[in-house]
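Worksheet for the structure shown next.
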Amino acid sequence: MDDLVSVSSEKFRDISVTEKKRLTCFLYCGGERKVLPDGTFYYVGGVSEAMLIEDNVSNKELLSKIGSCLNISLHNKSIFYNTKMDKTKYLRMKDDNGVKMMFYLNEDQVDVFVDEDPFYTSTRYIQFVSQLLNWKFSSAALIVG
């Protein structure tokens, strides 16, 4: 009976030990991505790097690692990744759930793209900042004058 219990305990220990999932993360920034009709992917221009990431990484940690690896600031940038099933689909990663989905939708490697955030390059945002700057300078001129 004692042998049976120890065997069961040993099997339980083996089952409870789980290996962390890792992805080879190919990073692309500043270039242009192209996908041919046959699904072949290529990247023209810009910078390309690679790093390993584990599935317990948070969005904040991952962004820090991406910025460090590419030696850039991620301020005003958006992060996108594609899936193993369809290289033409790009999903935006904006929180911890996005990181979990990236691991779920890919097996051993993932392409990650750093692009200018569309919000910060939109006409609406540029007009807002221009109006804000004009108001600030006008207010400063009234105070000085």
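Chains: A, B, ... in order of the structure tokens. Residues: from 1 per chain. Ligands: from 1, in order shown.
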Residues of region 36-66 of chain A that have any atom at most 10 Å from an atom of region 82-104 of chain A: could you tabulate them with the shortest-distance atom pair and the distance in Å to one decimal, using only C-alpha atoms, ordered by chain and increasing number, as JSON lines?
{"residue": "A:Leu36", "atom": "CA", "partner": "A:Thr88", "partner_atom": "CA", "distance": 9.0}
{"residue": "A:Pro37", "atom": "CA", "partner": "A:Thr88", "partner_atom": "CA", "distance": 9.5}
{"residue": "A:Gly39", "atom": "CA", "partner": "A:Lys87", "partner_atom": "CA", "distance": 6.5}
{"residue": "A:Thr40", "atom": "CA", "partner": "A:Lys87", "partner_atom": "CA", "distance": 8.0}
{"residue": "A:Phe41", "atom": "CA", "partner": "A:Lys87", "partner_atom": "CA", "distance": 7.0}
{"residue": "A:Ile53", "atom": "CA", "partner": "A:Phe103", "partner_atom": "CA", "distance": 9.7}
{"residue": "A:Glu54", "atom": "CA", "partner": "A:Phe103", "partner_atom": "CA", "distance": 8.8}
{"residue": "A:Asp55", "atom": "CA", "partner": "A:Phe103", "partner_atom": "CA", "distance": 6.6}
{"residue": "A:Asn56", "atom": "CA", "partner": "A:Lys100", "partner_atom": "CA", "distance": 8.5}
{"residue": "A:Val57", "atom": "CA", "partner": "A:Val99", "partner_atom": "CA", "distance": 7.8}
{"residue": "A:Ser58", "atom": "CA", "partner": "A:Asp96", "partner_atom": "CA", "distance": 5.6}
{"residue": "A:Asn59", "atom": "CA", "partner": "A:Asp96", "partner_atom": "CA", "distance": 4.8}
{"residue": "A:Lys60", "atom": "CA", "partner": "A:Asp95", "partner_atom": "CA", "distance": 8.0}
{"residue": "A:Glu61", "atom": "CA", "partner": "A:Asp96", "partner_atom": "CA", "distance": 9.9}
{"residue": "A:Leu62", "atom": "CA", "partner": "A:Val99", "partner_atom": "CA", "distance": 8.3}
{"residue": "A:Leu63", "atom": "CA", "partner": "A:Lys94", "partner_atom": "CA", "distance": 9.7}
Serialized selection, C-alpha atoms, as a PDB file, in the first residue's frame:
ATOM      1  CA  LEU A  36       2.735  37.473 -51.032  1.00  0.00           C
ATOM      2  CA  PRO A  37      -0.457  35.645 -52.105  1.00  0.00           C
ATOM      3  CA  GLY A  39       1.587  33.480 -47.606  1.00  0.00           C
ATOM      4  CA  THR A  40       5.324  34.108 -47.856  1.00  0.00           C
ATOM      5  CA  PHE A  41       6.343  36.997 -45.627  1.00  0.00           C
ATOM      6  CA  ILE A  53      10.458  35.444 -24.455  1.00  0.00           C
ATOM      7  CA  GLU A  54       8.649  33.247 -21.926  1.00  0.00           C
ATOM      8  CA  ASP A  55       4.895  33.021 -21.438  1.00  0.00           C
ATOM      9  CA  ASN A  56       4.957  34.545 -17.963  1.00  0.00           C
ATOM     10  CA  VAL A  57       6.156  37.920 -19.287  1.00  0.00           C
ATOM     11  CA  SER A  58       3.870  40.897 -18.665  1.00  0.00           C
ATOM     12  CA  ASN A  59       3.024  43.470 -21.298  1.00  0.00           C
ATOM     13  CA  LYS A  60       5.116  46.069 -19.452  1.00  0.00           C
ATOM     14  CA  GLU A  61       8.144  43.724 -19.287  1.00  0.00           C
ATOM     15  CA  LEU A  62       7.756  42.757 -22.930  1.00  0.00           C
ATOM     16  CA  LEU A  63       7.595  46.385 -24.064  1.00  0.00           C
TER      17      LEU A  63
END
All residues 9 Å or closer to Glu107 (chain A), only C-alpha atoms, same chain fewer than 6 positions away omitted, as a list in words |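 These residues fall inside the cut-off: Lys21, Arg22, Leu23 and Lys84 of chain A.
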Could you tell me, as a list in words, which residues of region 28-63 of chain A DSSP assigns to alpha helix (DSSP H) when given the backbone?
-> Asn59, Lys60, Glu61, Leu62 and Leu63 of chain A
Got time to write the residues from that selection, N, CA and C atoms, as a compact mmCIF listing (two decimals), in the first residue's frame?
# COMPACT_ATOMS: atom_id res chain seq x y z
N ASN A 59 2.97 42.52 -20.19
CA ASN A 59 3.02 43.47 -21.30
C ASN A 59 4.09 44.54 -21.03
N LYS A 60 4.14 45.04 -19.81
CA LYS A 60 5.12 46.07 -19.45
C LYS A 60 6.54 45.55 -19.62
N GLU A 61 6.81 44.32 -19.15
CA GLU A 61 8.14 43.72 -19.29
C GLU A 61 8.49 43.50 -20.75
N LEU A 62 7.51 43.02 -21.52
CA LEU A 62 7.76 42.76 -22.93
C LEU A 62 8.07 44.04 -23.68
N LEU A 63 7.33 45.10 -23.41
CA LEU A 63 7.59 46.39 -24.06
C LEU A 63 8.99 46.89 -23.72
Residues flagged strand (DSSP E or B) by DSSP in region 2-117 of chain A, as an MDAnalysis selection string = chainID A and resid 22:29 32:35 41:44 47:54 77:82 90:93 109:116
Which residue gives the smallest distance to Ser48 (chain A) among A:Ile79, A:Val35, A:Ile72, A:Cys29, with only C-alpha atoms counted?
->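 Checking each of A:Ile79, A:Val35, A:Ile72, A:Cys29 against Ser48 (chain A), counting only C-alpha atoms, the winner is A:Cys29.
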Could you name the residues that touch Glu116 (chain A) at 10 Å or less, counting only C-alpha atoms, but leaving out those on the same chain fewer than 6 positions away, as number ranges by chain?
-> A: 29-30, 74-79
Looking at A:Met51, A:Lys20, A:Asp117, A:Tyr43, which one is nearest to Ile66 (chain A), with distances taken over only C-alpha atoms?
->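 The closest residue to Ile66 (chain A) is A:Met51.
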Could you state the separation of CA of Val110 (chain A) and CA of Gly46 (chain A) in Å, given to one decimal place?
-> 17.7 Å
